[in-house]
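Novice: Have a peek at data-v7.cif (mmCIF, C-alpha atoms).
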data_final
loop_
_atom_site.label_atom_id
_atom_site.label_comp_id
_atom_site.auth_asym_id
_atom_site.auth_seq_id
_atom_site.Cartn_x
_atom_site.Cartn_y
_atom_site.Cartn_z
CA MET G 1058 28.37 -11.96 -67.22
CA ASN G 1059 26.92 -10.92 -63.85
CA ARG G 1060 30.14 -11.92 -62.08
CA LEU G 1061 32.22 -9.99 -64.62
CA MET G 1062 30.12 -6.86 -64.07
CA LEU G 1063 30.48 -7.23 -60.30
CA LEU G 1064 34.25 -7.64 -60.66
CA LEU G 1065 34.48 -4.50 -62.79
CA GLN G 1066 32.35 -2.58 -60.27
CA MET G 1067 34.60 -3.70 -57.41
CA MET G 1068 37.69 -2.64 -59.35
CA CYS G 1069 36.24 0.78 -60.13
CA LEU G 1070 35.09 1.37 -56.56
CA THR G 1071 38.43 0.28 -55.09
CA MET G 1072 40.37 2.47 -57.51
CA CYS G 1073 38.20 5.49 -56.73
CA ALA G 1074 37.91 4.91 -52.98
CA ALA G 1075 40.86 7.07 -51.97
CA SER G 1076 39.72 10.10 -53.94
CA MET G 1077 36.08 9.45 -53.03
CA ASP G 1078 36.79 9.76 -49.32
CA SER G 1079 38.42 13.15 -49.76
CA THR G 1080 35.79 14.59 -52.07
CA LEU G 1081 32.60 13.05 -50.66
CA GLN G 1082 32.10 15.62 -47.94
CA SER G 1083 32.57 18.56 -50.29
CA THR G 1084 30.22 17.22 -52.95
CA ARG G 1085 27.44 16.04 -50.68
CA PRO G 1086 26.05 19.51 -49.77
CA ALA G 1087 25.80 20.41 -53.45
CA LEU G 1088 24.03 17.13 -54.14
CA ALA G 1089 21.61 17.74 -51.29
CA HIS G 1090 20.98 21.27 -52.59
CA ARG G 1091 20.11 19.91 -56.03
CA LEU G 1092 17.79 17.33 -54.45
CA ILE G 1093 15.98 19.99 -52.47
CA ASP G 1094 15.71 22.30 -55.47
CA HIS G 1095 14.34 19.45 -57.56
CA ALA G 1096 11.77 18.59 -54.90
CA ALA G 1097 10.76 22.22 -54.59
CA ILE G 1098 9.81 22.37 -58.27
CA GLN G 1099 7.52 19.34 -58.07
CA PRO G 1100 4.70 20.81 -55.93
CA LYS G 1101 3.60 23.01 -58.82
CA ALA G 1102 2.22 19.91 -60.51
CA LEU G 1103 1.20 18.10 -57.31
CA SER G 1104 -1.03 18.67 -54.33
CA LYS G 1105 0.31 20.51 -51.29
CA THR G 1106 0.28 17.30 -49.31
CA LYS G 1107 2.41 15.38 -51.78
CA GLY G 1108 4.70 18.35 -52.24
CA SER G 1109 5.34 18.66 -48.53
CA GLU G 1110 6.05 14.93 -48.32
CA LEU G 1111 8.65 15.24 -51.04
CA LEU G 1112 10.24 18.23 -49.37
CA ALA G 1113 10.39 16.35 -46.07
CA ALA G 1114 11.83 13.24 -47.64
CA ALA G 1115 14.50 14.80 -49.83
CA PRO G 1116 16.84 16.11 -47.10
CA SER G 1117 16.95 12.67 -45.47
CA LEU G 1118 19.18 11.48 -48.31
CA GLU G 1119 21.83 13.92 -47.15
CA GLY G 1120 22.79 11.74 -44.18
CA ILE G 1121 23.23 8.52 -46.18
CA ASP G 1122 26.83 7.49 -46.80
CA PHE G 1123 26.42 5.89 -50.21
CA ALA G 1124 30.15 5.14 -50.46
CA LEU G 1125 30.03 3.13 -47.22
CA LEU G 1126 26.94 1.23 -48.38
CA SER G 1127 28.78 0.37 -51.59
CA TYR G 1128 31.77 -0.85 -49.57
CA PHE G 1129 29.54 -3.15 -47.53
CA ALA G 1130 27.64 -4.53 -50.53
CA LEU G 1131 30.73 -5.24 -52.62
CA TRP G 1132 32.69 -6.58 -49.63
CA TYR G 1133 29.94 -9.16 -49.01
CA LEU G 1134 29.47 -10.04 -52.68
CA GLY G 1135 33.21 -10.17 -53.30
CA ASN G 1136 33.74 -12.57 -50.39
CA TYR G 1137 30.84 -14.73 -51.53
CA TYR G 1138 31.95 -14.91 -55.16
CA TYR G 1139 35.58 -15.50 -54.15
CA THR G 1140 34.44 -18.52 -52.14
CA ILE G 1141 32.47 -19.90 -55.09
CA ALA G 1142 35.17 -19.23 -57.71
CA ASN G 1143 37.89 -20.61 -55.44
CA LYS G 1144 36.05 -23.90 -54.90
CA LEU G 1145 35.25 -24.25 -58.61
CA ALA G 1146 38.92 -23.72 -59.51
CA LEU G 1147 40.03 -26.26 -56.91
CA VAL G 1148 37.52 -28.89 -58.05
CA ALA G 1149 38.44 -28.39 -61.71
CA ALA G 1150 42.14 -28.76 -60.82
CA GLY G 1151 41.65 -32.06 -58.99
CA GLY G 1152 40.46 -31.11 -55.50
CA LYS G 1153 42.69 -31.93 -52.53
CA LYS G 1154 44.73 -34.32 -54.69
CA GLY G 1155 45.25 -31.65 -57.29
CA ILE G 1156 47.30 -28.45 -56.98
CA PRO G 1157 45.81 -26.36 -54.12
CA MET G 1158 49.17 -24.75 -53.23
CA THR G 1159 49.63 -23.63 -56.83
CA ILE G 1160 46.09 -22.29 -56.94
CA SER G 1161 46.54 -20.29 -53.73
CA THR G 1162 49.92 -18.89 -54.87
CA MET G 1163 48.63 -17.87 -58.30
CA GLN G 1164 45.62 -16.18 -56.68
CA LEU G 1165 48.08 -13.98 -54.80
CA GLY G 1166 49.91 -13.47 -58.10
CA VAL G 1167 46.75 -12.08 -59.68
CA GLY G 1168 46.53 -9.61 -56.79
CA VAL G 1169 50.17 -8.61 -57.34
CA VAL G 1170 49.51 -7.77 -61.01
CA TYR G 1171 46.55 -5.62 -60.00
CA ALA G 1172 48.54 -3.87 -57.25
CA LEU G 1173 51.38 -3.05 -59.66
CA TYR G 1174 48.86 -1.72 -62.17
CA THR G 1175 47.40 0.69 -59.60
CA TRP G 1176 50.90 2.09 -59.02
CA LEU G 1177 51.92 2.29 -62.69
CA ALA G 1178 48.68 3.78 -64.02
CA PRO G 1179 48.84 7.61 -64.12
CA ASP G 1180 47.24 9.37 -61.13
CA LEU G 1181 45.60 6.19 -59.84
CA ARG G 1182 47.48 5.51 -56.62
CA GLN G 1183 50.61 7.05 -55.17
CA THR G 1184 53.46 4.58 -54.82
CA PRO G 1185 54.76 3.99 -51.28
CA SER G 1186 58.11 5.44 -50.26
CA ILE G 1187 59.12 2.56 -48.00
CA THR G 1188 62.73 1.61 -47.34
CA VAL G 1189 64.46 -1.76 -47.52
CA GLU G 1190 64.32 -1.82 -43.72
CA ASP G 1191 60.55 -1.34 -43.86
CA VAL G 1192 60.21 -4.26 -46.29
CA VAL G 1193 62.25 -6.49 -44.00
CA LYS G 1194 60.00 -5.56 -41.08
CA MET G 1195 56.93 -6.43 -43.17
CA ILE G 1196 58.18 -9.95 -43.99
CA PRO G 1197 56.58 -11.60 -40.89
CA VAL G 1198 53.20 -10.09 -41.83
CA GLY G 1199 53.63 -11.21 -45.45
CA PHE G 1200 54.60 -14.74 -44.39
CA CYS G 1201 51.62 -15.06 -42.04
CA ALA G 1202 49.31 -13.70 -44.75
CA ALA G 1203 50.66 -16.25 -47.23
CA ALA G 1204 50.28 -19.14 -44.79
CA ALA G 1205 46.78 -18.11 -43.66
CA HIS G 1206 45.62 -17.88 -47.28
CA SER G 1207 47.25 -21.15 -48.38
CA PHE G 1208 45.88 -23.21 -45.48
CA SER G 1209 42.45 -21.68 -45.98
CA VAL G 1210 42.55 -22.83 -49.61
CA PHE G 1211 43.73 -26.28 -48.47
CA ALA G 1212 40.74 -26.49 -46.12
CA GLN G 1213 38.29 -25.65 -48.89
CA SER G 1214 39.87 -28.22 -51.19
CA ALA G 1215 39.70 -30.95 -48.52
CA GLY G 1216 36.02 -30.75 -47.58
CA ALA G 1217 32.79 -28.80 -47.69
CA VAL G 1218 33.23 -25.04 -48.10
CA SER G 1219 30.56 -24.30 -45.50
CA PHE G 1220 32.32 -26.51 -42.92
CA ALA G 1221 35.69 -24.85 -43.56
CA MET G 1222 34.05 -21.44 -43.12
CA ILE G 1223 32.46 -22.51 -39.82
CA VAL G 1224 35.89 -23.54 -38.51
CA LYS G 1225 37.35 -20.27 -39.82
CA ALA G 1226 34.75 -18.40 -37.77
CA ALA G 1227 36.56 -19.62 -34.65
CA GLU G 1228 39.54 -17.38 -35.43
CA PRO G 1229 39.02 -15.17 -32.31
CA ALA G 1230 39.76 -18.18 -30.10
CA PHE G 1231 43.16 -18.59 -31.74
CA ALA G 1232 43.80 -14.85 -31.61
CA ALA G 1233 43.04 -14.79 -27.87
CA VAL G 1234 45.39 -17.67 -27.06
CA ILE G 1235 48.25 -16.44 -29.28
CA GLY G 1236 47.87 -12.85 -28.10
CA THR G 1237 47.92 -13.87 -24.43
CA LEU G 1238 50.75 -16.42 -24.57
CA LEU G 1239 53.13 -14.78 -27.03
CA TYR G 1240 52.32 -11.07 -27.25
CA GLY G 1241 51.50 -10.20 -23.65
CA LYS G 1242 47.91 -9.22 -24.33
CA LYS G 1243 45.34 -9.35 -21.55
CA ILE G 1244 41.93 -10.82 -22.28
CA SER G 1245 39.04 -10.16 -19.90
CA MET G 1246 37.18 -13.03 -18.28
CA ALA G 1247 34.05 -12.01 -20.21
CA LYS G 1248 35.89 -12.51 -23.49
CA TRP G 1249 37.26 -15.90 -22.41
CA LEU G 1250 33.72 -17.00 -21.54
CA CYS G 1251 32.52 -15.93 -24.99
CA LEU G 1252 34.96 -18.40 -26.53
CA ILE G 1253 33.07 -21.34 -25.00
CA PRO G 1254 30.13 -21.09 -27.47
CA VAL G 1255 32.61 -20.41 -30.31
CA ILE G 1256 34.49 -23.67 -29.74
CA GLY G 1257 31.34 -25.53 -28.75
CA GLY G 1258 29.55 -24.40 -31.91
CA VAL G 1259 32.36 -25.64 -34.14
CA CYS G 1260 32.39 -28.99 -32.33
CA LEU G 1261 28.62 -29.29 -32.63
CA ALA G 1262 28.73 -28.51 -36.36
CA SER G 1263 31.47 -31.11 -36.83
CA VAL G 1264 29.52 -33.93 -35.17
CA LYS G 1265 26.81 -34.07 -37.83
CA GLU G 1266 28.92 -32.83 -40.78
CA LEU G 1267 28.30 -35.29 -43.61
CA ASP G 1268 31.32 -34.03 -45.52
CA PHE G 1269 33.60 -34.04 -42.47
CA ALA G 1270 37.31 -34.43 -43.13
CA TRP G 1271 40.05 -34.20 -40.56
CA SER G 1272 42.29 -32.53 -43.12
CA ALA G 1273 39.73 -29.74 -43.57
CA LEU G 1274 39.45 -29.23 -39.81
CA ILE G 1275 43.21 -29.22 -39.27
CA THR G 1276 44.12 -26.95 -42.20
CA ALA G 1277 41.34 -24.47 -41.37
CA SER G 1278 42.61 -24.38 -37.78
CA ILE G 1279 46.18 -23.76 -38.97
CA ALA G 1280 44.84 -20.94 -41.17
CA ASN G 1281 43.25 -19.44 -38.05
CA LEU G 1282 46.57 -19.78 -36.22
CA PHE G 1283 48.49 -17.85 -38.88
CA ALA G 1284 45.72 -15.26 -39.13
CA ALA G 1285 46.12 -14.67 -35.39
CA PHE G 1286 49.89 -14.24 -35.79
CA LYS G 1287 49.30 -11.90 -38.73
CA GLY G 1288 47.02 -9.64 -36.71
CA ASN G 1289 49.53 -9.33 -33.87
CA GLU G 1290 52.52 -8.86 -36.18
CA ASN G 1291 50.64 -6.23 -38.15
CA LYS G 1292 49.92 -4.28 -34.97
CA LYS G 1293 53.64 -4.40 -34.08
CA LEU G 1294 54.51 -3.24 -37.59
CA MET G 1295 52.17 -0.26 -37.46
CA ASP G 1296 53.82 0.87 -34.23
CA THR G 1297 57.06 1.44 -36.18
CA PRO G 1298 57.67 5.20 -36.28
CA GLY G 1299 56.92 6.74 -39.68
CA ILE G 1300 55.92 3.58 -41.51
CA LYS G 1301 52.29 4.65 -41.94
CA THR G 1302 53.47 7.85 -43.62
CA ARG G 1303 55.90 6.00 -45.88
CA LEU G 1304 53.26 3.47 -46.92
CA GLY G 1305 50.87 6.30 -47.70
CA SER G 1306 47.56 4.44 -47.47
CA VAL G 1307 45.83 1.29 -46.28
CA GLY G 1308 45.63 0.18 -49.91
CA ASN G 1309 49.40 0.42 -50.27
CA GLN G 1310 49.92 -1.55 -47.06
CA PHE G 1311 47.69 -4.36 -48.36
CA ALA G 1312 49.42 -4.26 -51.76
CA VAL G 1313 52.92 -4.60 -50.28
CA THR G 1314 51.73 -7.39 -47.96
CA THR G 1315 50.23 -9.25 -50.93
CA ILE G 1316 53.44 -8.93 -52.94
CA LEU G 1317 55.49 -10.30 -50.05
CA ALA G 1318 52.96 -13.12 -49.50
CA PHE G 1319 53.20 -14.09 -53.16
CA VAL G 1320 57.02 -14.09 -53.22
CA LEU G 1321 57.21 -16.09 -49.99
CA SER G 1322 54.66 -18.64 -51.28
CA ILE G 1323 56.67 -19.51 -54.39
CA PRO G 1324 59.35 -21.68 -52.66
CA PHE G 1325 56.66 -23.67 -50.83
CA MET G 1326 54.70 -24.09 -54.06
CA ILE G 1327 57.82 -25.42 -55.82
CA ALA G 1328 58.63 -27.77 -52.94
CA LYS G 1329 55.10 -29.16 -52.66
CA GLU G 1330 53.84 -29.13 -56.24
CA GLY G 1331 56.79 -28.18 -58.43
CA GLY G 1332 56.54 -31.51 -60.25
CA LYS G 1333 52.95 -30.65 -61.24
CA TRP G 1334 53.75 -27.29 -62.86
CA GLY G 1335 53.40 -28.79 -66.35
CA THR G 1336 49.98 -30.15 -65.39
CA PHE G 1337 48.95 -26.73 -64.09
CA MET G 1338 50.02 -24.99 -67.30
CA GLU G 1339 48.14 -27.54 -69.39
CA LEU G 1340 45.00 -27.05 -67.29
CA LEU G 1341 45.40 -23.29 -67.62
CA LYS G 1342 45.47 -23.57 -71.42
CA THR G 1343 42.78 -26.22 -71.94
CA ASN G 1344 40.39 -25.99 -68.97
CA LYS G 1345 38.36 -22.78 -68.82
CA ALA G 1346 36.97 -23.74 -65.41
CA VAL G 1347 40.50 -23.53 -64.02
CA SER G 1348 41.75 -20.43 -65.85
CA ASN G 1349 38.57 -18.35 -65.51
CA ASN G 1350 37.93 -19.21 -61.87
CA LEU G 1351 41.59 -18.79 -60.93
CA LEU G 1352 41.64 -15.28 -62.38
CA ALA G 1353 38.25 -14.40 -60.89
CA SER G 1354 39.05 -15.79 -57.44
CA GLY G 1355 42.39 -13.95 -57.37
CA MET G 1356 40.75 -10.63 -58.20
CA TYR G 1357 37.82 -11.19 -55.84
CA PHE G 1358 40.20 -12.10 -53.01
CA TYR G 1359 42.32 -8.98 -53.44
CA LEU G 1360 39.43 -6.57 -53.95
CA TYR G 1361 37.13 -7.81 -51.19
CA ASN G 1362 39.97 -7.75 -48.66
CA GLU G 1363 40.89 -4.19 -49.62
CA LEU G 1364 37.25 -3.12 -49.49
CA ALA G 1365 36.87 -4.82 -46.10
CA THR G 1366 39.81 -2.77 -44.82
CA MET G 1367 38.24 0.44 -46.12
CA THR G 1368 34.88 -0.47 -44.60
CA ILE G 1369 36.38 -1.21 -41.18
CA LYS G 1370 38.28 2.09 -41.30
CA LYS G 1371 35.00 4.01 -41.73
CA THR G 1372 32.90 2.22 -39.08
CA SER G 1373 32.72 1.69 -35.34
CA ALA G 1374 33.72 -1.52 -33.55
CA THR G 1375 30.06 -2.48 -33.02
CA THR G 1376 29.23 -2.00 -36.71
CA GLN G 1377 32.23 -4.09 -37.66
CA SER G 1378 31.05 -6.91 -35.37
CA VAL G 1379 27.55 -6.94 -36.86
CA ALA G 1380 28.96 -6.74 -40.40
CA ASN G 1381 31.40 -9.62 -39.92
CA THR G 1382 28.71 -11.77 -38.33
CA ALA G 1383 26.27 -11.15 -41.17
CA LYS G 1384 28.99 -11.77 -43.76
CA ARG G 1385 29.89 -15.17 -42.28
CA VAL G 1386 26.25 -16.28 -42.28
CA ILE G 1387 25.74 -15.17 -45.90
CA VAL G 1388 28.88 -16.92 -47.16
CA ILE G 1389 28.30 -20.15 -45.21
CA VAL G 1390 24.65 -20.56 -46.18
CA GLY G 1391 25.23 -19.33 -49.76
CA ALA G 1392 28.10 -21.75 -50.37
CA ALA G 1393 26.14 -24.65 -48.90
CA LEU G 1394 23.23 -23.95 -51.24
CA VAL G 1395 25.37 -23.46 -54.35
CA PHE G 1396 27.39 -26.65 -53.88
CA GLY G 1397 24.56 -28.75 -52.46
CA GLU G 1398 26.38 -29.26 -49.18
CA SER G 1399 24.84 -30.53 -45.98
CA ILE G 1400 22.70 -27.99 -44.13
CA ALA G 1401 21.46 -30.36 -41.45
CA PHE G 1402 19.85 -28.88 -38.35
CA MET G 1403 22.75 -29.80 -36.05
CA LYS G 1404 25.29 -28.23 -38.42
CA MET G 1405 23.31 -25.00 -38.70
CA LEU G 1406 22.73 -24.96 -34.93
CA GLY G 1407 26.47 -25.29 -34.34
CA CYS G 1408 27.09 -22.58 -36.91
CA THR G 1409 24.61 -20.25 -35.19
CA ILE G 1410 26.06 -20.85 -31.72
CA GLY G 1411 29.65 -20.44 -32.95
CA ILE G 1412 29.04 -17.24 -34.89
CA GLY G 1413 26.91 -15.89 -32.04
CA GLY G 1414 29.86 -16.45 -29.71
CA VAL G 1415 32.17 -14.60 -32.13
CA PHE G 1416 29.70 -11.72 -32.22
CA LEU G 1417 29.58 -11.51 -28.41
CA TYR G 1418 33.36 -11.79 -28.20
CA SER G 1419 33.79 -8.80 -30.48
CA LEU G 1420 31.36 -6.69 -28.42
CA VAL G 1421 32.36 -7.33 -24.82
CA GLN G 1422 35.25 -5.51 -23.18
#
As structure tokens, how would this structure be written, given the file I've shared?
Specialist:
Amino acid sequence: MNRLMLLLQMMCLTMCAASMDSTLQSTRPALAHRLIDHAAIQPKALSKTKGSELLAAAPSLEGIDFALLSYFALWYLGNYYYTIANKLALVAAGGKKGIPMTISTMQLGVGVVYALYTWLAPDLRQTPSITVEDVVKMIPVGFCAAAAHSFSVFAQSAGAVSFAMIVKAAEPAFAAVIGTLLYGKKISMAKWLCLIPVIGGVCLASVKELDFAWSALITASIANLFAAFKGNENKKLMDTPGIKTRLGSVGNQFAVTTILAFVLSIPFMIAKEGGKWGTFMELLKTNKAVSNNLLASGMYFYLYNELATMTIKKTSATTQSVANTAKRVIVIVGAALVFGESIAFMKMLGCTIGIGGVFLYSLVQ
């Protein structure tokens, strides 16, 4: 019930986010005025000291961005609950020997249904006015998004969730190498040096990982590789003249990318697990752990990613770095506790060093 309420709250906040941003500034002064008026009435029944304290405290609420705080809270919780629901669905469907490609594809499918709903529902979200040429240009981003998601799901099906997340935290190392070798980006020496603790931390965590699996390490690394390609391809895409205007919003961009990722995942799902489709449908009908967690993980994945995009759009680079670091720690430790995974000192030390390196990497110039 608690997860359902959180899911509904995330849906409502995501749906209202676009209109909230445009109206928040105009409504906040009126809200502050009501707060001050309310505080001003109270001193009649209180001492002068308490009344002055209330008057001094009330205006301080005016500077709080409650929308942004909601974005942060639901982004963190959504990521955490996605991780839990995803693992539960994978375990119920047979783990790494089950149907992880089908699970990952259907999770994207859940996001597609939600995205289409936001466009079809009256006055909810304006549909993008993109051209066929725009869609073709978005295919590389959609393919990389599909591959990054699928390999991430493979990694979580192959070993401990916390270990897969620690390896995923090394994504900046892959982004630096891919960006330098293939996209002509220049990385400062300070940034290269920050990658040493990132890689070292992952290696240290792997040494004492009780649930270590080469397949988890390899697939999580491949997920990082495609995530790095996605970031660079997305930057190229956004440099296309007029495409931002035709997409209309960040939410629309994510929706179109998800639709493309889903469509592009289907052939790979058929090739890898097409013979197990009957098994999947039977599990969907008879096993609530599969059906419920598949639906929940699909919604959590879509909503937390969209909220993360909105959060990043409203914050500075430093705030983003702190937020991402805190999120990784919460998800890694939370997943380890929920699933009873190893939290040995060496693993946590490696995790701390690796995430610390990521944090420094994101701060230095």
Novice: Mind giving me the straight-line distance from CA of Ser1322 (chain G) to CA of Ala1203 (chain G) in Å, one decimal?
Specialist: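 Rounded to one decimal, the two atoms are 6.2 Å apart.
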Novice: Place a sphere of radius 10 Å on (36.9, -30.7, -40.8) in the file coordinates and name every protein, DNA or RNA residue with an atom inside or on its surface, counting only C-alpha atoms; give the answer as a PyMOL selection string.
Specialist: chain G and resi 1212-1213+1215-1218+1220-1224+1259-1260+1262-1264+1266+1268-1278
Novice: Could those residues be written to a file, using C-alpha atoms, as a PDB file, in the coordinates of the input?
Specialist:
ATOM      1  CA  ALA G1212      40.740 -26.490 -46.120  1.00  0.00           C
ATOM      2  CA  GLN G1213      38.290 -25.650 -48.890  1.00  0.00           C
ATOM      3  CA  ALA G1215      39.700 -30.950 -48.520  1.00  0.00           C
ATOM      4  CA  GLY G1216      36.020 -30.750 -47.580  1.00  0.00           C
ATOM      5  CA  ALA G1217      32.790 -28.800 -47.690  1.00  0.00           C
ATOM      6  CA  VAL G1218      33.230 -25.040 -48.100  1.00  0.00           C
ATOM      7  CA  PHE G1220      32.320 -26.510 -42.920  1.00  0.00           C
ATOM      8  CA  ALA G1221      35.690 -24.850 -43.560  1.00  0.00           C
ATOM      9  CA  MET G1222      34.050 -21.440 -43.120  1.00  0.00           C
ATOM     10  CA  ILE G1223      32.460 -22.510 -39.820  1.00  0.00           C
ATOM     11  CA  VAL G1224      35.890 -23.540 -38.510  1.00  0.00           C
ATOM     12  CA  VAL G1259      32.360 -25.640 -34.140  1.00  0.00           C
ATOM     13  CA  CYS G1260      32.390 -28.990 -32.330  1.00  0.00           C
ATOM     14  CA  ALA G1262      28.730 -28.510 -36.360  1.00  0.00           C
ATOM     15  CA  SER G1263      31.470 -31.110 -36.830  1.00  0.00           C
ATOM     16  CA  VAL G1264      29.520 -33.930 -35.170  1.00  0.00           C
ATOM     17  CA  GLU G1266      28.920 -32.830 -40.780  1.00  0.00           C
ATOM     18  CA  ASP G1268      31.320 -34.030 -45.520  1.00  0.00           C
ATOM     19  CA  PHE G1269      33.600 -34.040 -42.470  1.00  0.00           C
ATOM     20  CA  ALA G1270      37.310 -34.430 -43.130  1.00  0.00           C
ATOM     21  CA  TRP G1271      40.050 -34.200 -40.560  1.00  0.00           C
ATOM     22  CA  SER G1272      42.290 -32.530 -43.120  1.00  0.00           C
ATOM     23  CA  ALA G1273      39.730 -29.740 -43.570  1.00  0.00           C
ATOM     24  CA  LEU G1274      39.450 -29.230 -39.810  1.00  0.00           C
ATOM     25  CA  ILE G1275      43.210 -29.220 -39.270  1.00  0.00           C
ATOM     26  CA  THR G1276      44.120 -26.950 -42.200  1.00  0.00           C
ATOM     27  CA  ALA G1277      41.340 -24.470 -41.370  1.00  0.00           C
ATOM     28  CA  SER G1278      42.610 -24.380 -37.780  1.00  0.00           C
TER      29      SER G1278
END
Novice: What's around region 1308-1310 of chain G at 8 Å? Count all atoms listed in the file, leave out sequence neighbours fewer than 5 positions away in its own chain, and write the answer as a list of chain:residue names.
Specialist: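 These residues fall inside the cut-off: G:Thr1184, G:Pro1185, G:Glu1363.
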Novice: What's around Glu1290 (chain G) at 9 Å? Count only C-alpha atoms, leave out sequence neighbours fewer than 3 positions away in its own chain, and write the answer as a list in words.
Specialist: Met1195, Pro1197, Val1198, Cys1201, Ala1285, Phe1286, Lys1287, Lys1293, Leu1294 and Met1295 of chain G
Novice: Taking (27.1, -23.4, -54.1) in the file's coordinates as the center, which residues reach within 12 Å of it, counting all atoms listed in the file, put as a PyMOL selection string?
Specialist: chain G and resi 1137-1145+1217-1219+1387-1400
Novice: Could you turn the residues from that selection into a file that holds C-alpha atoms, as a compact mmCIF listing (two decimals), in the coordinates of the input?
Specialist:
# COMPACT_ATOMS: atom_id res chain seq x y z
CA TYR G 1137 30.84 -14.73 -51.53
CA TYR G 1138 31.95 -14.91 -55.16
CA TYR G 1139 35.58 -15.50 -54.15
CA THR G 1140 34.44 -18.52 -52.14
CA ILE G 1141 32.47 -19.90 -55.09
CA ALA G 1142 35.17 -19.23 -57.71
CA ASN G 1143 37.89 -20.61 -55.44
CA LYS G 1144 36.05 -23.90 -54.90
CA LEU G 1145 35.25 -24.25 -58.61
CA ALA G 1217 32.79 -28.80 -47.69
CA VAL G 1218 33.23 -25.04 -48.10
CA SER G 1219 30.56 -24.30 -45.50
CA ILE G 1387 25.74 -15.17 -45.90
CA VAL G 1388 28.88 -16.92 -47.16
CA ILE G 1389 28.30 -20.15 -45.21
CA VAL G 1390 24.65 -20.56 -46.18
CA GLY G 1391 25.23 -19.33 -49.76
CA ALA G 1392 28.10 -21.75 -50.37
CA ALA G 1393 26.14 -24.65 -48.90
CA LEU G 1394 23.23 -23.95 -51.24
CA VAL G 1395 25.37 -23.46 -54.35
CA PHE G 1396 27.39 -26.65 -53.88
CA GLY G 1397 24.56 -28.75 -52.46
CA GLU G 1398 26.38 -29.26 -49.18
CA SER G 1399 24.84 -30.53 -45.98
CA ILE G 1400 22.70 -27.99 -44.13
Novice: Just how far from CA of Ala1280 (chain G) is CA of His1206 (chain G), in Å to one decimal?
Specialist: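 Separating CA of His1206 (chain G) from CA of Ala1280 (chain G) is a distance of 6.9 Å.
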Novice: From the list G:Ser1306, G:Asn1344, G:Asn1349, G:Asn1291, which residue is nearest Lys1194 (chain G) when using only C-alpha atoms?
Specialist: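 With only C-alpha atoms as the atom set, the closest residue is G:Asn1291.
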Novice: Just the number, please: distance in Å from CA of Leu1321 (chain G) to CA of Trp1132 (chain G), one decimal.
Specialist: 26.3 Å
Novice: For Leu1360 (chain G), which residue among G:Lys1243, G:Ala1130, G:Tyr1171, G:Thr1162 is the nearest when counting all atoms listed in the file?
Specialist: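 The closest residue to Leu1360 (chain G) is G:Tyr1171.
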Novice: On this structure, the PyMOL selection byres ((chain G and resi 1350) around 12) would catch which residues? List them as a VMD selection string, sorted by chain and number.
Specialist: chain G and resid 1060 to 1061 1138 to 1150 1160 to 1161 1163 to 1164 1167 1340 to 1341 1344 to 1349 1351 to 1358
Novice: Around all listed atoms of region 1148-1160 of chain G, padded 3 Å per side, what centre and edge lengths does the axis-aligned box have in Å to one decimal, as JSON?
Specialist:
{"center_x": 43.6, "center_y": -28.3, "center_z": -57.1, "size_x": 18.1, "size_y": 18.0, "size_z": 15.2}
Novice: Of the candidates G:Lys1342, G:Arg1385, G:Lys1225, G:Lys1371, which one gets nearest to Ile1256 (chain G) if we count all atoms listed in the file?
Specialist: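 Result for the nearest residue to Ile1256 (chain G): G:Lys1225.
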Novice: Let me make sure I understand: among G:Asn1289, G:Gly1413, G:Phe1402, G:Lys1329, which one has the smallest atom-to-atom distance to Gly1241 (chain G) if we use all atoms listed in the file?
Specialist: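 Selected residue with least distance to Gly1241 (chain G): G:Asn1289.
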Novice: Neighbouring residues of Ala1247 (chain G) were defined as those with any atom within 10 Å, considering only C-alpha atoms; residues of the same chain fewer than 4 positions away were excluded. Please report them as an NGL selection string.
Specialist: :G and (1251-1252 or 1417-1418 or 1421-1422)
Novice: Can I get the selection written as a tab-separated table (two decimals), in the frame of the given file, with C-alpha atoms?
Specialist:
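So part.tsv came out as:
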chain	number	residue	atom	x	y	z
G	1251	CYS	CA	32.52	-15.93	-24.99
G	1252	LEU	CA	34.96	-18.40	-26.53
G	1417	LEU	CA	29.58	-11.51	-28.41
G	1418	TYR	CA	33.36	-11.79	-28.20
G	1421	VAL	CA	32.36	-7.33	-24.82
G	1422	GLN	CA	35.25	-5.51	-23.18
Novice: Using all atoms listed in the file, can you tell me which of G:Tyr1361, G:Met1326, G:Glu1339, G:Ser1214 comes closest to Lys1154 (chain G)?
Specialist: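 When distances to Lys1154 (chain G) are compared using all atoms listed in the file, the smallest one comes from G:Ser1214.
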Novice: Which residue out of G:Phe1200, G:Phe1325, G:Phe1311, G:Phe1337 has the minimum interatomic distance to Tyr1359 (chain G) when all atoms listed in the file are used?
Specialist: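 Nearest candidate to Tyr1359 (chain G) out of G:Phe1200, G:Phe1325, G:Phe1311, G:Phe1337: G:Phe1311.
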